[in-house]
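> Have a look at this one.
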Amino acid sequence: MKLSINRRTAFILAGAALLAAFVWVLARSGPLAPVRVTVTQVVRADPAPMLFGIGVVEARRSYLVGPTGAGRVRQVAVDVGDVVRAGQLLAEMDPVDLDQRLASTVAAAARARNAVDTAAAQLADSSARREVAAANARRYDDLGGKGFVSSSVTEGKAQELKSAEAQLAGAEAALAGARQDLIRFNAERDGAQQQRANLRLLAPADGLVTARDAEPGSTVVAGQAVLRLVAADSLWVKLRLDQNRSAGLQVGLPAEIVLRSRPGQVLAGKVARIELLSDSVTEERIAQVSFDTPPRDVSVGEMAEITLRLPGVKQALVLPNAALRQRGGKTGVWVQAADKLSFVAVRAGISGADGSVQILDGLKEGDAVIVHSERDLVEDSRIKIVSALGGS
Amino acid sequence: MISLAGRDILHSWGKFVLTGMGLGLLIGATLTMAGVYRGMVDDARVLLTNSGADIWVVQKDTQGPYAEASSIRDDAYRGVLGLPGVAQAASVTYLTMQVRHGDTDERAMVVGFEPGQPGEPAYLLAGRRLLRGHYEAIADVKTGFRLGERIRIRRHDYEVVGLTRRMVSSGGDPMVFIPLKDAQEAQFLKDNDAIVSDRARTAGNPALNRPGVPGLLDAVNAAQTINHSVNAVLVKVGAGATAEAVAQDIRRWKHLQAYTREQMEEILIAKLIATSAKQIGMFLVILTIVSAAIVAFIIYTMTLGKIREIAVLKLIGTRNRTIAGMILQQAMGLGLIGFVVGKISATLWAPAFPKYVLLETADAMRAFVIVMVVCALASTLAIRAALKVDPATAIGG
């Protein structure tokens with residue numbers, strides 16, 4: 001009989017253990033199980049917002065150097081990476097017949113100078129003839145007055161004088177014409193020289209050659225670049241910021257620039273310019289951020305990540321932004337008070353760089369608020385507060 | 001009155017309990033199979049709930065974004081936002097891809113969303129929400145990523161700043177949430193070799209690389225690399241508007257397809273997971289039949305093992321009702337132990353499954369009733385055998 005009692009006890013124990021395990025399982029899972037959550041309190045802190053965007057290193061001043069008319073490239077004097085000074089010869093276009101035309105205009109100008117000399121000589125000759133004619137006319141006029149010569153002779157001499165005066169006027173006009181010709185031919189020669197010089201492509205400013213787009217022998221059209229230059233001391237970053245995260249952007253904000261080529265290094269800079277036009281397609285604002293000290297060996301077109309720190313708010317009520325939930329079209333938080341959960345709509349202010357968010361109204365300091373949860377919560381959720389949930 | 005069944009069980013309780021536990025493990029497997037089926041359906045529902053949308057706007061004549069590929073312009077949301085009854089509308093992208101994590105690849109569904117808009121994870125398990133417009137990620141805890149880790153999607157590194165839970169695609173892939181612009185780039189950006197060879201191909205096309213038109217080639221190349229597509233627009237309707245009315249407006253005036261929550265659920269559950277659900281359902285039916293047969297056979301053989309004792313009982317004049325009651329009580333007891341062990345084991349091993357296993361209480365109740373009915377039915381077989389026993393076998397042998 002004793003054996004039987006032992007067996008009975010063992011059986012009851014086994015049954016009790018099974019029942020306990022069953023109850024434990026029911027309490028741990030399914031609808032009766034509590035939702036594990038973490039809780040924090042609304043505190044006062046100094047949230048400082050941050051703006052983050054990506055940008056591309058660009059040159060503030062860049063130059064496309066090319067011919068003003070279509071032509072063939074004769075020589076290219078510099079290569080990519082060369083540092084050039086303002087006025088330095090970079091490339092030259094093939095002049096085709098321009099040299100010959102220049103020689104022709106030079107010759108024409110010289111000839112015009114000779115023509116001026118000829119006209120001047122003719123003027124001198126005409127002037128001498130007129131003087132002789134004037135002296136003769138005066139003399140014969142006297143003689144005619146005294147009756148020594150016939151009036152027909154006197155009139156003949158007067159006519160000679162008029163003729164010589166007309167010739168003089170003609171010679172003067174010829175000289176003026178020759179002078180104008182000279183100016184014209186000189187101008188034509190100068191023009192041809194200018195055109196010739198225009199085929200020499202000179203550096204418009206000090207800079208660095210970034211591209212050599214045409215080689216000697218290739219044909220380019222007007223406006224097409226043969227070489228591209230940038231002013232190497234004018235590098236900055238063209239920053240693109242999402243419009244909905246660009247509030248507070250202003251000129252002079254300090255910036256932290258991280259270039260893709262050196263992710264561990266933070267370069268200091270500041271917002272140099274904000275463009276009034278934002279990109280309506282990508283919904284981004286555009287600003288230029290300059291380096292405080294331009295880094296060496298940075299490449300134009302390189303991607304950069306830029307963080308701007310905005311002045312924060314002092315002694316504001318803050319919560320971790322993970323606490324904010326959407327419910328019924330409202331933004332709010334789950335507040336835990338006296339072991340009950342209630343959803344309280346709040347108005348959120350600025351977001352701090354540390355993941356905090358300013359609470360403008362709806363909560364007061366010290367309120368206990370659910371931050372993380374295993375599941376979405378409802379009013380009658382049973383919760384179990386833990387210090388941290390999995391994965392952290 | 002002493003319980004004949006209790007005395008008999010006590011006589012060999014170890015055997016009884018072990019049999020019950022074996023049966024329990026079988027019931028546990030059946031319950032788990034039901035849980036796998038429920039989990040699949042629940043994954044689909046949770047996918048819809050977590051997106052927080054009332055209407056899904058996708059490419060015309062498609063059933064996107066989950067069941068089919070859908071591609072619409074990323075400014076489509078502006079037109080939708082202007083319709084009456086629309087409270088919120090935001091573009092989203094979904095793409096199942098490999099996410100590089102250290103030296104391994106994790107398969108994940110990468111979701112591009114606008115912070116504060118529909119599509120954002122509703123709750124976090126740890127960490128914070130996105131602060132930056134680029135290169136931050138919130139990952140489902142099933143991905144195995146940890147806070148602060150860096151993961152690689154295509155050519156960019158992302159920092160995991162938050163973790164969430166139960167955010168999976170209809171195929172069970174855990175989700176990784178990244179900013180919409182990054183996701184658009186990740187979805188449509190080709191690798192560098194492809195870009196370079198594309199440029200060369202364009203430059204080799206005389207129609208696109210004309211000597212007399214400088215800049216044309218650059219313009220064509222630029223046009224080829226930008227992309228303004230998203231997969232869907234999620235819409236939340238305002239108070240006083242019904243989702244169906246707004247969806248009709250969108251279909252009629254925006255020339256886009258719009259699905260309400262009910263229609264989307266229909267697409268996901270009736271179309272996307274229908275075949276695999278039926279597969280599991282079929283297996284569940286077979287498993288239930290097999291379990292019932294095994295229970296019946298166990299009880300039958302248990303009774304046959306006690307045939308001599310039953311004969312003795314009959315010889316000393318025990319009534320048939322008492323004998324039948326003993327067998328029935330034992331069968332029910334076995335069923336009860338089996339059910340309890342099954343429920344415990346299923347609950348214990350369910351979290352270890354790679355995909356979600358949902359053990360519903362209603363399923364458990366149903367299983368309990370089925371187990372009890374099957375045990376009762378099975379015991380009739382044994383009772384028949386017991387009642388037919390000739391009392392003479394007790395002494396004859």
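Each chain of the structure tokens is named A, B, ... in the order shown, its residues numbered from 1; ligands are numbered from 1 in display order.
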Using only C-alpha atoms and a cut-off of 8 Å, which residues of chain A sit close to chain B? Please list them as a ChimeraX atom specification.

/A:4,7-8,11,18-19,21-22,25,29-31,51-54,220-221,224,241-242,245,281,320-322,325-326,329,351,353,355,371-376,388-392

> Just want the 9 Å neighbourhood of B:Met332, counted on only C-alpha atoms, with same-chain residues fewer than 2 positions away dropped. Output as JSON, numbers by chain.

{"B": [327, 328, 329, 330, 334, 335, 336, 337, 371, 372, 373, 375, 376, 379]}

> For A:Lys364, work out the shell of residues within 9 Å, counting only C-alpha atoms and skipping chain neighbours fewer than 5 positions away, then give it as number ranges by chain.

A: 42-43, 317, 359

> Put those residues in a file: C-alpha atoms, as a PDB file, in the first residue's frame.


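selection-v7.pdb written:
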ATOM      1  CA  VAL A  42       9.777  63.673 -19.882  1.00  0.00           C
ATOM      2  CA  VAL A  43      12.821  65.709 -18.939  1.00  0.00           C
ATOM      3  CA  LEU A 317      10.744  69.394 -22.515  1.00  0.00           C
ATOM      4  CA  ILE A 359       7.409  68.574 -26.791  1.00  0.00           C
TER       5      ILE A 359
END

> Taking the DSSP assignment computed from this structure's backbone, write out as a ChimeraX atom specification all residues of stretch 260-343 of chain A that belong to strand (DSSP E).

/A:267-274,284-291,303-309,316-320,325-327,330-337,340-343

> With N, CA and C atoms retained, write the just-selected residues as a compact mmCIF listing (two decimals), in the first residue's frame.


# COMPACT_ATOMS: atom_id res chain seq x y z
N LEU A 267 35.88 67.94 -41.91
CA LEU A 267 36.45 69.22 -42.28
C LEU A 267 35.47 70.33 -41.90
N ALA A 268 36.01 71.42 -41.42
CA ALA A 268 35.14 72.51 -41.00
C ALA A 268 34.83 73.40 -42.19
N GLY A 269 33.65 73.98 -42.18
CA GLY A 269 33.25 74.90 -43.24
C GLY A 269 32.09 75.73 -42.77
N LYS A 270 31.57 76.53 -43.68
CA LYS A 270 30.36 77.27 -43.32
C LYS A 270 29.51 77.50 -44.56
N VAL A 271 28.24 77.76 -44.33
CA VAL A 271 27.32 77.98 -45.45
C VAL A 271 27.67 79.33 -46.07
N ALA A 272 28.05 79.30 -47.34
CA ALA A 272 28.50 80.53 -47.99
C ALA A 272 27.37 81.20 -48.76
N ARG A 273 26.45 80.40 -49.28
CA ARG A 273 25.40 81.00 -50.11
C ARG A 273 24.20 80.07 -50.06
N ILE A 274 23.03 80.64 -50.07
CA ILE A 274 21.81 79.83 -50.16
C ILE A 274 21.11 80.24 -51.44
N GLU A 284 14.37 69.62 -53.17
CA GLU A 284 15.55 69.87 -52.35
C GLU A 284 15.93 71.34 -52.43
N ARG A 285 16.47 71.82 -51.33
CA ARG A 285 17.04 73.17 -51.33
C ARG A 285 18.53 73.05 -51.62
N ILE A 286 19.06 74.12 -52.20
CA ILE A 286 20.45 74.06 -52.61
C ILE A 286 21.22 75.19 -51.91
N ALA A 287 22.35 74.85 -51.34
CA ALA A 287 23.19 75.84 -50.68
C ALA A 287 24.64 75.52 -50.99
N GLN A 288 25.49 76.52 -50.92
CA GLN A 288 26.90 76.29 -51.13
C GLN A 288 27.64 76.40 -49.80
N VAL A 289 28.48 75.43 -49.55
CA VAL A 289 29.22 75.39 -48.29
C VAL A 289 30.71 75.50 -48.63
N SER A 290 31.35 76.50 -48.04
CA SER A 290 32.78 76.67 -48.35
C SER A 290 33.63 76.06 -47.24
N PHE A 291 34.82 75.67 -47.62
CA PHE A 291 35.76 75.10 -46.65
C PHE A 291 36.42 76.23 -45.88
N MET A 303 31.73 63.31 -53.79
CA MET A 303 30.55 63.42 -52.94
C MET A 303 30.97 63.76 -51.52
N ALA A 304 30.16 64.56 -50.86
CA ALA A 304 30.44 64.94 -49.48
C ALA A 304 29.16 64.87 -48.67
N GLU A 305 29.30 64.47 -47.42
CA GLU A 305 28.17 64.50 -46.49
C GLU A 305 28.35 65.70 -45.58
N ILE A 306 27.29 66.46 -45.45
CA ILE A 306 27.42 67.70 -44.69
C ILE A 306 26.40 67.74 -43.57
N THR A 307 26.89 68.05 -42.39
CA THR A 307 26.01 68.19 -41.23
C THR A 307 26.10 69.64 -40.77
N LEU A 308 24.93 70.26 -40.67
CA LEU A 308 24.88 71.63 -40.17
C LEU A 308 24.28 71.60 -38.77
N ARG A 309 24.90 72.30 -37.85
CA ARG A 309 24.38 72.35 -36.48
C ARG A 309 23.65 73.67 -36.28
N ALA A 316 14.14 72.81 -22.78
CA ALA A 316 12.86 72.42 -23.35
C ALA A 316 12.49 71.04 -22.84
N LEU A 317 11.19 70.74 -22.86
CA LEU A 317 10.74 69.39 -22.51
C LEU A 317 11.09 68.49 -23.68
N VAL A 318 11.78 67.38 -23.43
CA VAL A 318 12.15 66.52 -24.54
C VAL A 318 11.81 65.06 -24.24
N LEU A 319 11.68 64.32 -25.34
CA LEU A 319 11.43 62.89 -25.32
C LEU A 319 12.26 62.26 -26.42
N PRO A 320 12.58 60.97 -26.33
CA PRO A 320 13.18 60.30 -27.48
C PRO A 320 12.15 60.25 -28.62
N ARG A 325 4.03 58.31 -31.66
CA ARG A 325 3.25 57.33 -32.43
C ARG A 325 2.16 58.06 -33.20
N GLN A 326 1.67 57.39 -34.25
CA GLN A 326 0.53 57.90 -34.99
C GLN A 326 -0.67 57.07 -34.60
N ARG A 327 -1.76 57.72 -34.27
CA ARG A 327 -2.96 56.96 -33.90
C ARG A 327 -4.17 57.80 -34.27
N LYS A 330 -3.57 61.27 -35.42
CA LYS A 330 -2.94 62.22 -34.50
C LYS A 330 -1.57 61.72 -34.10
N THR A 331 -0.68 62.66 -33.84
CA THR A 331 0.63 62.31 -33.30
C THR A 331 0.55 62.42 -31.79
N GLY A 332 1.06 61.41 -31.12
CA GLY A 332 0.99 61.47 -29.66
C GLY A 332 1.91 60.45 -29.04
N VAL A 333 1.77 60.27 -27.75
CA VAL A 333 2.60 59.30 -27.03
C VAL A 333 1.71 58.51 -26.08
N TRP A 334 2.19 57.33 -25.71
CA TRP A 334 1.49 56.54 -24.69
C TRP A 334 2.04 56.94 -23.33
N VAL A 335 1.14 57.42 -22.47
CA VAL A 335 1.55 57.83 -21.13
C VAL A 335 1.11 56.75 -20.15
N GLN A 336 2.02 56.40 -19.25
CA GLN A 336 1.69 55.40 -18.26
C GLN A 336 1.50 56.10 -16.94
N ALA A 337 0.28 56.04 -16.42
CA ALA A 337 0.01 56.67 -15.13
C ALA A 337 -0.88 55.73 -14.34
N LYS A 340 -2.08 52.50 -15.80
CA LYS A 340 -2.99 52.55 -16.95
C LYS A 340 -2.30 53.27 -18.10
N LEU A 341 -2.68 52.84 -19.30
CA LEU A 341 -2.10 53.47 -20.48
C LEU A 341 -3.11 54.44 -21.07
N SER A 342 -2.63 55.58 -21.49
CA SER A 342 -3.53 56.47 -22.23
C SER A 342 -2.74 57.14 -23.34
N PHE A 343 -3.41 57.35 -24.46
CA PHE A 343 -2.75 57.98 -25.60
C PHE A 343 -2.98 59.48 -25.50

> Within 7 Å of A:Gln88, counting only C-alpha atoms, which residues qualify if same-chain residues fewer than 4 places away don't, as a list of chain:residue names?

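Listed by chain and then number, they are A:Val84, A:Leu202, A:Ala203.
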
> I want to know what sits within 10 Å of A:Asp99, based on only C-alpha atoms, with residues of the same chain fewer than 3 positions away left out; could you give that as a ChimeraX atom specification?

/A:95-96,102-105,192-193,195-196

> Just checking: using only C-alpha atoms, which residue out of A:Ala231, A:Leu324, A:Ala20, A:Ile383 ends up closest to A:Asp339?

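Selected residue with least distance to A:Asp339: A:Ile383.
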
> Hey, which of A:Gly352, A:Ala368, A:Val37, A:Gly191 ends up closest to A:Ala338? Count only C-alpha atoms.

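Among the listed residues, the smallest separation from A:Ala338 belongs to A:Ala368.
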
> Please indicate the distance in Å from atom CA of B:Arg201 to atom CA of B:Arg154, rounded to one decimal place.

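So the two atoms, atom CA of B:Arg201 and atom CA of B:Arg154, lie 23.1 Å apart.
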
> Using only C-alpha atoms, which protein or nucleic acid residues come within 9 Å of B:Leu381? Drop anything in the same chain fewer than 5 positions from it, and give the result as a list in words.

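Everything that qualifies: Ala296, Ile299, Tyr300 and Ala386 of chain B.
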
> Please extract the residues of stretch 60-246 of chain A with a backbone DSSP assignment of alpha helix (DSSP H) and present them as an NGL selection string.

:A and (98-146 or 151-198)

> I'd like the interatomic distance between atom CA of B:Arg366 and atom CA of A:Gly15, to a tenth of an Å.

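Separation of atom CA of B:Arg366 and atom CA of A:Gly15: 22.8 Å.
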